[in-house]
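One file, entry-v9.cif, carrying mmCIF, C-alpha atoms and all ligand atoms:
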data_structure
#
loop_
_atom_site.group_PDB
_atom_site.id
_atom_site.type_symbol
_atom_site.label_atom_id
_atom_site.label_comp_id
_atom_site.auth_asym_id
_atom_site.auth_seq_id
_atom_site.Cartn_x
_atom_site.Cartn_y
_atom_site.Cartn_z
ATOM 1 C CA MET A 1 175.091 -40.700 35.716
ATOM 2 C CA GLU A 2 173.488 -39.804 32.433
ATOM 3 C CA GLU A 3 174.424 -36.356 31.074
ATOM 4 C CA ASN A 4 171.947 -33.652 30.136
ATOM 5 C CA ARG A 5 171.611 -32.464 26.528
ATOM 6 C CA ASN A 6 173.595 -29.696 24.845
ATOM 7 C CA ILE A 7 171.544 -26.687 23.819
ATOM 8 C CA VAL A 8 172.691 -24.886 20.680
ATOM 9 C CA ILE A 9 171.349 -21.415 19.826
ATOM 10 C CA GLY A 10 172.804 -18.998 17.291
ATOM 11 C CA GLY A 11 175.674 -21.407 16.650
ATOM 12 C CA GLU A 12 176.729 -21.323 20.320
ATOM 13 C CA SER A 13 176.548 -24.374 22.518
ATOM 14 C CA VAL A 14 175.495 -24.484 26.167
ATOM 15 C CA SER A 15 176.678 -27.732 27.718
ATOM 16 C CA PRO A 16 175.268 -29.366 30.886
ATOM 17 C CA GLY A 17 176.109 -27.315 33.986
ATOM 18 C CA GLN A 18 176.517 -24.074 32.022
ATOM 19 C CA GLU A 19 174.434 -20.907 31.855
ATOM 20 C CA LYS A 20 174.813 -18.380 29.053
ATOM 21 C CA LEU A 21 173.257 -15.263 27.576
ATOM 22 C CA LEU A 22 172.972 -15.816 23.825
ATOM 23 C CA LYS A 23 171.482 -13.791 21.009
ATOM 24 C CA ILE A 24 169.451 -14.655 17.925
ATOM 25 C CA ARG A 25 170.289 -12.259 15.107
ATOM 26 C CA ILE A 26 167.180 -10.979 13.361
ATOM 27 C CA ASP A 27 167.642 -7.865 11.290
ATOM 28 C CA ARG A 28 169.015 -4.347 11.153
ATOM 29 C CA LEU A 29 167.203 -1.085 11.867
ATOM 30 C CA PRO A 30 167.276 1.488 9.033
ATOM 31 C CA THR A 31 170.176 3.106 10.945
ATOM 32 C CA GLY A 32 172.184 -0.089 10.595
ATOM 33 C CA THR A 33 171.829 -1.031 14.268
ATOM 34 C CA LEU A 34 171.666 -4.797 14.626
ATOM 35 C CA ILE A 35 168.552 -6.165 16.322
ATOM 36 C CA ASP A 36 168.858 -9.452 18.128
ATOM 37 C CA ILE A 37 166.739 -11.373 20.612
ATOM 38 C CA PRO A 38 168.465 -12.040 23.951
ATOM 39 C CA VAL A 39 168.045 -15.621 25.136
ATOM 40 C CA TYR A 40 169.161 -16.866 28.551
ATOM 41 C CA VAL A 41 169.951 -20.553 28.799
ATOM 42 C CA PHE A 42 170.290 -22.331 32.143
ATOM 43 C CA ASN A 43 171.355 -25.898 31.509
ATOM 44 C CA ALA A 44 171.559 -28.198 34.552
ATOM 45 C CA LYS A 45 173.942 -31.161 34.826
ATOM 46 C CA LYS A 46 171.146 -33.681 35.356
ATOM 47 C CA PRO A 47 168.870 -34.561 32.429
ATOM 48 C CA GLY A 48 165.282 -33.333 32.439
ATOM 49 C CA PRO A 49 162.797 -31.335 30.404
ATOM 50 C CA ILE A 50 163.773 -28.197 28.491
ATOM 51 C CA VAL A 51 161.290 -25.478 29.399
ATOM 52 C CA LEU A 52 160.892 -22.330 27.316
ATOM 53 C CA ILE A 53 159.637 -19.293 29.222
ATOM 54 C CA GLN A 54 158.984 -16.382 26.905
ATOM 55 C CA ALA A 55 157.577 -12.873 27.154
ATOM 56 C CA GLY A 56 157.090 -9.861 24.919
ATOM 57 C CA LEU A 57 155.841 -11.717 21.857
ATOM 58 C CA HIS A 58 153.600 -8.661 21.862
ATOM 59 C CA GLY A 59 156.107 -5.872 22.537
ATOM 60 C CA ASP A 60 153.858 -3.729 24.752
ATOM 61 C CA GLU A 61 152.834 -6.571 27.101
ATOM 62 C CA ILE A 62 155.310 -5.760 29.826
ATOM 63 C CA ASN A 63 154.039 -7.810 32.781
ATOM 64 C CA GLY A 64 155.530 -10.965 31.280
ATOM 65 C CA ILE A 65 158.798 -9.145 30.613
ATOM 66 C CA GLU A 66 158.895 -8.121 34.289
ATOM 67 C CA ILE A 67 158.087 -11.694 35.414
ATOM 68 C CA VAL A 68 161.127 -12.989 33.511
ATOM 69 C CA ARG A 69 163.320 -10.089 34.718
ATOM 70 C CA ARG A 70 162.452 -10.687 38.385
ATOM 71 C CA MET A 71 163.006 -14.416 38.048
ATOM 72 C CA LEU A 72 166.405 -13.769 36.435
ATOM 73 C CA GLU A 73 167.269 -11.374 39.270
ATOM 74 C CA GLU A 74 166.229 -13.966 41.875
ATOM 75 C CA LYS A 75 168.150 -16.695 40.016
ATOM 76 C CA GLN A 76 164.979 -18.800 39.852
ATOM 77 C CA PHE A 77 165.854 -20.433 36.533
ATOM 78 C CA LYS A 78 168.799 -22.366 37.985
ATOM 79 C CA THR A 79 167.222 -25.784 38.296
ATOM 80 C CA ASN A 80 168.424 -29.171 39.582
ATOM 81 C CA SER A 81 167.696 -30.901 36.299
ATOM 82 C CA GLY A 82 166.708 -30.166 32.702
ATOM 83 C CA ALA A 83 167.044 -26.659 31.350
ATOM 84 C CA VAL A 84 165.292 -23.308 31.237
ATOM 85 C CA ILE A 85 165.418 -21.164 28.119
ATOM 86 C CA ALA A 86 164.225 -17.686 29.140
ATOM 87 C CA VAL A 87 163.350 -15.060 26.529
ATOM 88 C CA PRO A 88 162.472 -11.741 28.232
ATOM 89 C CA ILE A 89 161.474 -9.859 25.047
ATOM 90 C CA LEU A 90 160.684 -11.709 21.858
ATOM 91 C CA ASN A 91 159.415 -8.708 19.884
ATOM 92 C CA ILE A 92 162.235 -6.187 20.458
ATOM 93 C CA PHE A 93 160.839 -3.885 17.748
ATOM 94 C CA GLY A 94 157.438 -3.653 19.437
ATOM 95 C CA PHE A 95 159.004 -3.141 22.853
ATOM 96 C CA ILE A 96 160.961 -0.046 21.839
ATOM 97 C CA HIS A 97 157.939 1.373 19.985
ATOM 98 C CA PHE A 98 155.438 0.599 22.816
ATOM 99 C CA SER A 99 153.583 -1.522 20.284
ATOM 100 C CA ARG A 100 152.059 -4.992 20.099
ATOM 101 C CA ASP A 101 153.316 -5.442 16.528
ATOM 102 C CA VAL A 102 156.491 -4.987 14.519
ATOM 103 C CA PRO A 103 156.952 -1.696 12.576
ATOM 104 C CA ASP A 104 155.125 -2.880 9.436
ATOM 105 C CA GLY A 105 151.999 -3.491 11.554
ATOM 106 C CA LYS A 106 152.183 -7.296 11.490
ATOM 107 C CA ASP A 107 151.607 -9.431 14.563
ATOM 108 C CA VAL A 108 154.428 -11.932 15.265
ATOM 109 C CA ASN A 109 151.851 -14.090 17.063
ATOM 110 C CA ARG A 110 149.974 -14.537 13.778
ATOM 111 C CA SER A 111 153.136 -15.195 11.733
ATOM 112 C CA PHE A 112 154.294 -18.618 12.971
ATOM 113 C CA PRO A 113 155.969 -20.807 11.790
ATOM 114 C CA GLY A 114 157.341 -17.984 9.619
ATOM 115 C CA ILE A 115 159.317 -17.700 6.400
ATOM 116 C CA LYS A 116 163.056 -17.018 6.166
ATOM 117 C CA SER A 117 162.647 -14.351 3.498
ATOM 118 C CA GLY A 118 159.206 -13.147 4.629
ATOM 119 C CA SER A 119 158.095 -9.929 6.318
ATOM 120 C CA MET A 120 159.767 -8.860 9.557
ATOM 121 C CA ALA A 121 157.190 -10.625 11.769
ATOM 122 C CA SER A 122 157.508 -13.760 9.656
ATOM 123 C CA ARG A 123 161.330 -13.680 9.882
ATOM 124 C CA ILE A 124 161.265 -13.338 13.653
ATOM 125 C CA ALA A 125 158.938 -16.366 13.841
ATOM 126 C CA TYR A 126 161.112 -18.328 11.432
ATOM 127 C CA HIS A 127 164.363 -17.718 13.359
ATOM 128 C CA TYR A 128 162.592 -18.487 16.610
ATOM 129 C CA VAL A 129 161.265 -21.822 15.341
ATOM 130 C CA SER A 130 164.573 -22.881 13.820
ATOM 131 C CA GLU A 131 166.826 -21.707 16.655
ATOM 132 C CA ILE A 132 164.743 -22.533 19.720
ATOM 133 C CA MET A 133 161.421 -24.299 19.348
ATOM 134 C CA HIS A 134 162.645 -27.634 18.013
ATOM 135 C CA GLN A 135 164.872 -28.052 21.109
ATOM 136 C CA ILE A 136 162.236 -27.503 23.787
ATOM 137 C CA ASP A 137 159.862 -29.909 25.545
ATOM 138 C CA VAL A 138 157.430 -27.456 27.168
ATOM 139 C CA ALA A 139 156.585 -23.773 26.643
ATOM 140 C CA ILE A 140 155.032 -21.055 28.785
ATOM 141 C CA ASP A 141 154.026 -17.973 26.772
ATOM 142 C CA LEU A 142 153.400 -14.800 28.819
ATOM 143 C CA HIS A 143 150.859 -12.181 27.696
ATOM 144 C CA THR A 144 148.563 -9.399 28.936
ATOM 145 C CA GLY A 145 145.309 -7.936 27.676
ATOM 146 C CA GLY A 146 145.654 -5.500 24.764
ATOM 147 C CA GLY A 147 143.998 -2.159 24.020
ATOM 148 C CA GLN A 148 143.317 -1.181 27.667
ATOM 149 C CA ARG A 149 141.664 -4.510 28.412
ATOM 150 C CA HIS A 150 142.769 -5.915 31.746
ATOM 151 C CA ASN A 151 142.908 -9.688 32.087
ATOM 152 C CA TYR A 152 142.446 -11.217 35.506
ATOM 153 C CA PRO A 153 145.365 -13.706 35.807
ATOM 154 C CA GLN A 154 144.375 -16.710 33.691
ATOM 155 C CA ILE A 155 145.894 -19.730 31.978
ATOM 156 C CA ARG A 156 144.780 -20.887 28.555
ATOM 157 C CA PHE A 157 145.460 -24.439 27.470
ATOM 158 C CA THR A 158 144.948 -26.558 24.351
ATOM 159 C CA GLN A 159 142.062 -29.007 24.802
ATOM 160 C CA GLU A 160 143.481 -31.371 22.149
ATOM 161 C CA ASP A 161 146.725 -31.783 24.110
ATOM 162 C CA GLU A 162 146.328 -33.672 27.381
ATOM 163 C CA ARG A 163 149.785 -32.565 28.568
ATOM 164 C CA SER A 164 148.829 -28.921 28.158
ATOM 165 C CA ILE A 165 145.820 -29.508 30.455
ATOM 166 C CA THR A 166 148.107 -31.059 33.074
ATOM 167 C CA LEU A 167 150.502 -28.089 32.832
ATOM 168 C CA ALA A 168 147.617 -25.631 33.168
ATOM 169 C CA LYS A 169 146.463 -27.348 36.359
ATOM 170 C CA ALA A 170 150.032 -27.395 37.733
ATOM 171 C CA PHE A 171 150.458 -23.649 37.057
ATOM 172 C CA ASN A 172 147.355 -23.054 39.220
ATOM 173 C CA ALA A 173 146.441 -19.509 38.131
ATOM 174 C CA PRO A 174 143.241 -18.007 39.588
ATOM 175 C CA ILE A 175 141.373 -18.850 36.343
ATOM 176 C CA THR A 176 141.971 -21.692 33.838
ATOM 177 C CA PHE A 177 140.241 -22.527 30.570
ATOM 178 C CA SER A 178 140.750 -24.069 27.173
ATOM 179 C CA ALA A 179 141.152 -21.686 24.239
ATOM 180 C CA LYS A 180 140.911 -22.513 20.541
ATOM 181 C CA LEU A 181 144.156 -22.601 18.590
ATOM 182 C CA ILE A 182 144.599 -19.493 16.453
ATOM 183 C CA ARG A 183 146.230 -19.864 13.048
ATOM 184 C CA GLY A 184 149.753 -18.418 12.966
ATOM 185 C CA SER A 185 150.037 -18.208 16.739
ATOM 186 C CA PHE A 186 153.021 -19.459 18.698
ATOM 187 C CA ARG A 187 150.770 -21.915 20.566
ATOM 188 C CA ASN A 188 149.448 -23.335 17.307
ATOM 189 C CA ALA A 189 152.991 -23.799 15.923
ATOM 190 C CA ALA A 190 154.082 -25.426 19.191
ATOM 191 C CA TYR A 191 151.056 -27.753 19.078
ATOM 192 C CA LYS A 192 151.974 -28.832 15.538
ATOM 193 C CA MET A 193 155.548 -29.475 16.699
ATOM 194 C CA ASN A 194 154.148 -31.630 19.526
ATOM 195 C CA LYS A 195 155.363 -29.229 22.259
ATOM 196 C CA PRO A 196 152.794 -28.801 25.067
ATOM 197 C CA THR A 197 152.223 -25.098 25.670
ATOM 198 C CA ILE A 198 150.221 -22.894 27.992
ATOM 199 C CA VAL A 199 149.541 -19.167 27.662
ATOM 200 C CA TYR A 200 149.436 -16.954 30.750
ATOM 201 C CA GLU A 201 147.341 -13.806 30.278
ATOM 202 C CA ALA A 202 147.466 -11.288 33.113
ATOM 203 C CA GLY A 203 147.034 -7.538 33.489
ATOM 204 C CA GLU A 204 147.035 -4.943 30.773
ATOM 205 C CA SER A 205 149.585 -3.819 28.163
ATOM 206 C CA MET A 206 151.951 -0.930 29.081
ATOM 207 C CA ARG A 207 151.091 -1.134 32.807
ATOM 208 C CA PHE A 208 152.728 -3.015 35.599
ATOM 209 C CA ASP A 209 150.366 -5.101 37.692
ATOM 210 C CA ASP A 210 152.060 -6.545 40.732
ATOM 211 C CA PHE A 211 149.356 -9.144 41.378
ATOM 212 C CA ALA A 212 149.662 -10.396 37.781
ATOM 213 C CA ILE A 213 153.453 -10.511 38.105
ATOM 214 C CA MET A 214 153.378 -12.404 41.443
ATOM 215 C CA GLU A 215 150.813 -14.903 40.117
ATOM 216 C CA GLY A 216 153.015 -15.433 37.068
ATOM 217 C CA ILE A 217 156.176 -16.072 39.084
ATOM 218 C CA GLN A 218 154.309 -18.463 41.393
ATOM 219 C CA GLY A 219 152.783 -20.323 38.444
ATOM 220 C CA ILE A 220 156.118 -20.776 36.665
ATOM 221 C CA LEU A 221 157.718 -22.048 39.891
ATOM 222 C CA ASN A 222 154.738 -24.426 40.286
ATOM 223 C CA ILE A 223 155.482 -25.780 36.787
ATOM 224 C CA LEU A 224 159.222 -26.209 37.437
ATOM 225 C CA HIS A 225 158.316 -28.045 40.648
ATOM 226 C CA HIS A 226 155.689 -30.165 38.866
ATOM 227 C CA LEU A 227 158.316 -31.180 36.263
ATOM 228 C CA GLY A 228 160.706 -32.211 39.051
ATOM 229 C CA MET A 229 163.259 -29.520 38.148
ATOM 230 C CA ILE A 230 163.196 -27.754 41.542
ATOM 231 C CA SER A 231 162.666 -29.464 44.884
ATOM 232 C CA LYS A 232 160.768 -26.743 46.748
ATOM 233 C CA ILE A 233 159.379 -23.295 46.139
ATOM 234 C CA GLU A 234 160.803 -20.616 48.346
ATOM 235 C CA PRO A 235 159.480 -18.066 48.956
ATOM 236 C CA LYS A 236 155.870 -18.831 48.178
ATOM 237 C CA TYR A 237 154.387 -15.818 46.396
ATOM 238 C CA ILE A 238 150.727 -16.783 46.300
ATOM 239 C CA GLU A 239 148.734 -19.152 48.507
ATOM 240 C CA ARG A 240 145.735 -20.676 46.797
ATOM 241 C CA THR A 241 143.968 -23.980 47.030
ATOM 242 C CA ASP A 242 142.566 -24.461 43.530
ATOM 243 C CA THR A 243 142.113 -22.726 40.226
ATOM 244 C CA ILE A 244 138.625 -22.000 38.881
ATOM 245 C CA GLU A 245 138.147 -23.854 35.611
ATOM 246 C CA LEU A 246 135.750 -22.233 33.158
ATOM 247 C CA HIS A 247 133.747 -24.204 30.596
ATOM 248 C CA GLU A 248 131.852 -21.381 28.941
ATOM 249 C CA ARG A 249 132.916 -17.806 28.164
ATOM 250 C CA LYS A 250 131.253 -14.766 26.694
ATOM 251 C CA TRP A 251 132.208 -11.214 25.716
ATOM 252 C CA LEU A 252 129.735 -8.522 26.725
ATOM 253 C CA ARG A 253 129.855 -5.583 24.308
ATOM 254 C CA ALA A 254 128.815 -1.949 24.489
ATOM 255 C CA PRO A 255 125.120 -1.691 23.518
ATOM 256 C CA THR A 256 125.683 1.950 22.564
ATOM 257 C CA ALA A 257 128.498 4.522 22.468
ATOM 258 C CA GLY A 258 129.181 6.566 25.589
ATOM 259 C CA MET A 259 130.911 6.609 28.960
ATOM 260 C CA PHE A 260 131.564 3.143 30.332
ATOM 261 C CA VAL A 261 131.240 2.733 34.086
ATOM 262 C CA PRO A 262 132.029 -0.762 35.403
ATOM 263 C CA LYS A 263 130.221 -1.807 38.588
ATOM 264 C CA VAL A 264 132.263 -4.890 39.421
ATOM 265 C CA VAL A 265 135.942 -5.575 40.030
ATOM 266 C CA ASN A 266 137.866 -7.799 37.658
ATOM 267 C CA GLY A 267 138.001 -11.363 38.972
ATOM 268 C CA GLY A 268 134.778 -10.837 40.932
ATOM 269 C CA GLU A 269 131.944 -13.330 41.172
ATOM 270 C CA ILE A 270 128.732 -12.248 39.441
ATOM 271 C CA GLU A 271 125.114 -13.404 39.445
ATOM 272 C CA LYS A 272 122.620 -13.825 36.648
ATOM 273 C CA GLY A 273 120.770 -10.538 36.091
ATOM 274 C CA GLN A 274 123.246 -8.493 38.149
ATOM 275 C CA GLU A 275 124.016 -5.029 36.812
ATOM 276 C CA ILE A 276 127.780 -5.196 36.246
ATOM 277 C CA GLY A 277 128.256 -1.911 34.404
ATOM 278 C CA LEU A 278 126.593 0.810 32.425
ATOM 279 C CA VAL A 279 127.144 2.871 29.313
ATOM 280 C CA SER A 280 125.736 6.385 29.504
ATOM 281 C CA ASP A 281 125.723 9.530 27.434
ATOM 282 C CA THR A 282 127.530 12.532 28.952
ATOM 283 C CA TYR A 283 124.298 14.400 29.776
ATOM 284 C CA ALA A 284 122.879 11.724 32.077
ATOM 285 C CA LYS A 285 119.892 11.376 29.746
ATOM 286 C CA LYS A 286 120.246 7.847 28.450
ATOM 287 C CA THR A 287 121.835 4.968 30.280
ATOM 288 C CA LYS A 288 122.111 1.371 29.120
ATOM 289 C CA ARG A 289 122.720 -1.165 31.849
ATOM 290 C CA ILE A 290 124.870 -4.235 31.303
ATOM 291 C CA LYS A 291 123.565 -7.309 33.047
ATOM 292 C CA SER A 292 125.224 -10.657 33.552
ATOM 293 C CA PRO A 293 123.532 -13.462 31.555
ATOM 294 C CA PHE A 294 124.661 -16.133 34.045
ATOM 295 C CA ASN A 295 126.274 -16.837 37.420
ATOM 296 C CA GLY A 296 130.038 -16.753 36.971
ATOM 297 C CA TYR A 297 133.168 -14.626 37.096
ATOM 298 C CA VAL A 298 134.537 -11.530 35.400
ATOM 299 C CA ILE A 299 137.908 -12.409 33.800
ATOM 300 C CA CYS A 300 138.569 -9.244 31.785
ATOM 301 C CA THR A 301 137.402 -5.647 32.030
ATOM 302 C CA ASN A 302 137.904 -2.796 29.606
ATOM 303 C CA HIS A 303 139.630 0.194 31.246
ATOM 304 C CA GLN A 304 138.646 2.542 28.473
ATOM 305 C CA ALA A 305 136.235 5.220 29.769
ATOM 306 C CA VAL A 306 134.819 6.317 26.414
ATOM 307 C CA VAL A 307 133.583 3.435 24.283
ATOM 308 C CA ASN A 308 132.017 2.883 20.893
ATOM 309 C CA GLN A 309 129.064 0.632 20.173
ATOM 310 C CA GLY A 310 130.220 -2.972 20.023
ATOM 311 C CA ASP A 311 133.419 -2.492 22.044
ATOM 312 C CA ALA A 312 134.272 -5.467 24.255
ATOM 313 C CA LEU A 313 133.563 -4.399 27.853
ATOM 314 C CA PHE A 314 133.701 -7.587 29.906
ATOM 315 C CA HIS A 315 134.889 -11.113 29.343
ATOM 316 C CA ILE A 316 132.941 -13.387 31.657
ATOM 317 C CA GLY A 317 132.884 -17.117 32.225
ATOM 318 C CA ARG A 318 131.427 -19.927 34.287
HETATM 319 ZN ZN ZN B 1 149.695 -10.894 23.761
#
Would you encode the structure as structure tokens?
Ligand SMILES: [Zn+2]
Amino acid sequence: MEENRNIVIGGESVSPGQEKLLKIRIDRLPTGTLIDIPVYVFNAKKPGPIVLIQAGLHGDEINGIEIVRRMLEEKQFKTNSGAVIAVPILNIFGFIHFSRDVPDGKDVNRSFPGIKSGSMASRIAYHYVSEIMHQIDVAIDLHTGGGQRHNYPQIRFTQEDERSITLAKAFNAPITFSAKLIRGSFRNAAYKMNKPTIVYEAGESMRFDDFAIMEGIQGILNILHHLGMISKIEPKYIERTDTIELHERKWLRAPTAGMFVPKVVNGGEIEKGQEIGLVSDTYAKKTKRIKSPFNGYVICTNHQAVVNQGDALFHIGR
């Protein structure tokens, strides 16, 4: 029988049949404490794809971190073939500061592929690319909405990459759509390295959302099954027939400043002309109603109660 590949991270090798917790050294805190990124590698004996499952690229997006933690606890990354590289928290700095970014305010997800001697965000990206990304075949990047925006569980794929579309369909989240590649993002770097990638966006930063977590676990297991790395999924977390694929999306913004009162639940179906929320002053004098421009679905709602003119209130699609 043909042997699986060796995986080498941080100078340490994980041979077929082994599982190891490794660390990528990044930098030191001003106190001298060493910061490293923990990386779990589960390498099966039989050859197969190497799947990267990563969370916490934005340090405050904890639902993905919890998805990886639960799957580690349930030993769901031990596959029959190929390998899983699981990174629970990519942006350690952001995680301990409850922040999306690293301490200098830069976004790691806008800093790929990174520079060895660059800023902190750029260094993290650089080490990540050189230590991990060139070894993988497929990546699943776990995120949540930022700034009190709550994303209904959704998968974003890269239209230009057929394999990414197939992965998105296999994941089978409630909502699926293609999203443009953003310069400096992990997905853009992966695309340039010819590594099919999907991004799972679910829930809101700094808050656990059990539905988002369950959907995420189910979707990752669906992918491992689709790639032939696990034979069956047990237990099944979510039963669903098919994802809803969106072909058009729109952000609805606050027409004025005031109190924002949503009138629909996230994930709900909406009709053209339906009043889906309102923005009112605090004296009940002036109220602006927000109406849906088409029949479709709400895929993100803003949980902020007091909003400024132009704030994104709903992300809708059809
Ligand atoms: Zn994010």
Convert the output of the PyMOL selection byres (((chain A and resi 273) around 9) and not hetatm) on the shown file into explicit residues, formatted as a VMD selection string. chain A and resid 270 to 272 274 to 276 290 to 295
Proximity check chain A to ligand ZN 1 (chain B), 12 Å, nearest pairs one decimal Å, all atoms listed in the file, as a tab-separated table:
residue	atom	partner	partner_atom	distance
A:Gln54	CA	B:ZN1	ZN	11.2
A:Ala55	CA	B:ZN1	ZN	8.8
A:Gly56	CA	B:ZN1	ZN	7.6
A:Leu57	CA	B:ZN1	ZN	6.5
A:His58	CA	B:ZN1	ZN	4.9
A:Gly59	CA	B:ZN1	ZN	8.2
A:Asp60	CA	B:ZN1	ZN	8.3
A:Glu61	CA	B:ZN1	ZN	6.3
A:Ile62	CA	B:ZN1	ZN	9.7
A:Asn63	CA	B:ZN1	ZN	10.5
A:Gly64	CA	B:ZN1	ZN	9.5
A:Ile65	CA	B:ZN1	ZN	11.5
A:Ile89	CA	B:ZN1	ZN	11.9
A:Leu90	CA	B:ZN1	ZN	11.2
A:Asn91	CA	B:ZN1	ZN	10.7
A:Gly94	CA	B:ZN1	ZN	11.4
A:Ser99	CA	B:ZN1	ZN	10.7
A:Arg100	CA	B:ZN1	ZN	7.3
A:Asp101	CA	B:ZN1	ZN	9.8
A:Asp107	CA	B:ZN1	ZN	9.5
A:Val108	CA	B:ZN1	ZN	9.8
A:Asn109	CA	B:ZN1	ZN	7.7
A:Arg110	CA	B:ZN1	ZN	10.6
A:Asp141	CA	B:ZN1	ZN	8.8
A:Leu142	CA	B:ZN1	ZN	7.4
A:His143	CA	B:ZN1	ZN	4.3
A:Thr144	CA	B:ZN1	ZN	5.5
A:Gly145	CA	B:ZN1	ZN	6.6
A:Gly146	CA	B:ZN1	ZN	6.8
A:Gly147	CA	B:ZN1	ZN	10.4
A:Arg149	CA	B:ZN1	ZN	11.3
A:His150	CA	B:ZN1	ZN	11.7
A:Asn151	CA	B:ZN1	ZN	10.8
A:Ser185	CA	B:ZN1	ZN	10.1
A:Phe186	CA	B:ZN1	ZN	10.5
A:Arg187	CA	B:ZN1	ZN	11.5
A:Val199	CA	B:ZN1	ZN	9.1
A:Tyr200	CA	B:ZN1	ZN	9.3
A:Glu201	CA	B:ZN1	ZN	7.5
A:Ala202	CA	B:ZN1	ZN	9.6
A:Gly203	CA	B:ZN1	ZN	10.6
A:Glu204	CA	B:ZN1	ZN	9.6
A:Ser205	CA	B:ZN1	ZN	8.3
A:Met206	CA	B:ZN1	ZN	11.5
Residue with the minimum atom-to-atom distance to A:Lys106, picked from A:Lys285, A:Lys195, A:Arg123, A:Arg70 with all atoms listed in the file counted, is A:Arg123
Taking only C-alpha atoms into account, which of A:Val261, A:Val102, A:Ala121, A:Met214 comes nearest A:Val68? A:Met214
Applying the PyMOL selection byres (((chain A and resi 219) around 12) and not hetatm) to the file I just gave you, which residues come out? Please list them as a ChimeraX atom specification. /A:53,67,71,140-142,153-155,167-176,198-202,212-218,220-226,233,236-240,243
Identify all residues satisfying the PyMOL selection byres (((chain A and resi 318) around 10) and not hetatm) in the given file; provide them as a count of residues only. 18
Enclose all atoms of stretch 266-276 of chain A listed in the file in an axis-aligned box, grow every side by 6 Å, and hand back centre and edge lengths in Å to one decimal, as lines of an AutoDock Vina configuration file.
center_x = 129.4
center_y = -9.4
center_z = 38.6
size_x = 29.2
size_y = 20.8
size_z = 17.1
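Ranking A:Ala44, A:Ile24, A:Met259, A:Ile136 by their shortest atom-to-atom distance to A:Ile92, with only C-alpha atoms included, puts A:Ile24 first.
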Excluding A:Arg253 and residues on its chain fewer than 4 positions from it, collect all residues at most 12 Å away from it, counting all atoms listed in the file, and give them as JSON, numbers by chain. {"A": [257, 260, 277, 278, 279, 288, 289, 290, 291, 292, 301, 302, 307, 308, 309, 310, 311, 312, 313, 314, 315, 316]}
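Those residues positioned at most 7 Å from (159.3, -22.5, 30.0) are Val51, Leu52, Ile53, Gln54, Val84, Ile85, Ala86, Val138, Ala139 and Ile140 of chain A, judged using all atoms listed in the file.
For the pair atom CA of A:Thr197 and atom CA of A:Ile50, the interatomic distance is 12.3 Å.
Distances here use all atoms listed in the file; by that measure, the residue among A:Ile26, A:Ala189, A:Cys300, A:Leu72 closest to A:Val87 is A:Leu72.
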Closest to A:Val39 among A:Glu73, A:Glu131, A:Glu66, A:Asp104, using all atoms listed in the file? A:Glu131
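Between atom CA of A:Pro38 and atom CA of A:Leu21 lies a distance of 6.8 Å.
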Could you check the closest approach to A:Ile124 for each of A:Gln148, A:Phe93, A:Glu12, A:Arg5 and tell me which residue wins, using only C-alpha atoms? A:Phe93
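Going from atom CA of A:Lys286 to atom CA of A:Val265 covers 23.7 Å.
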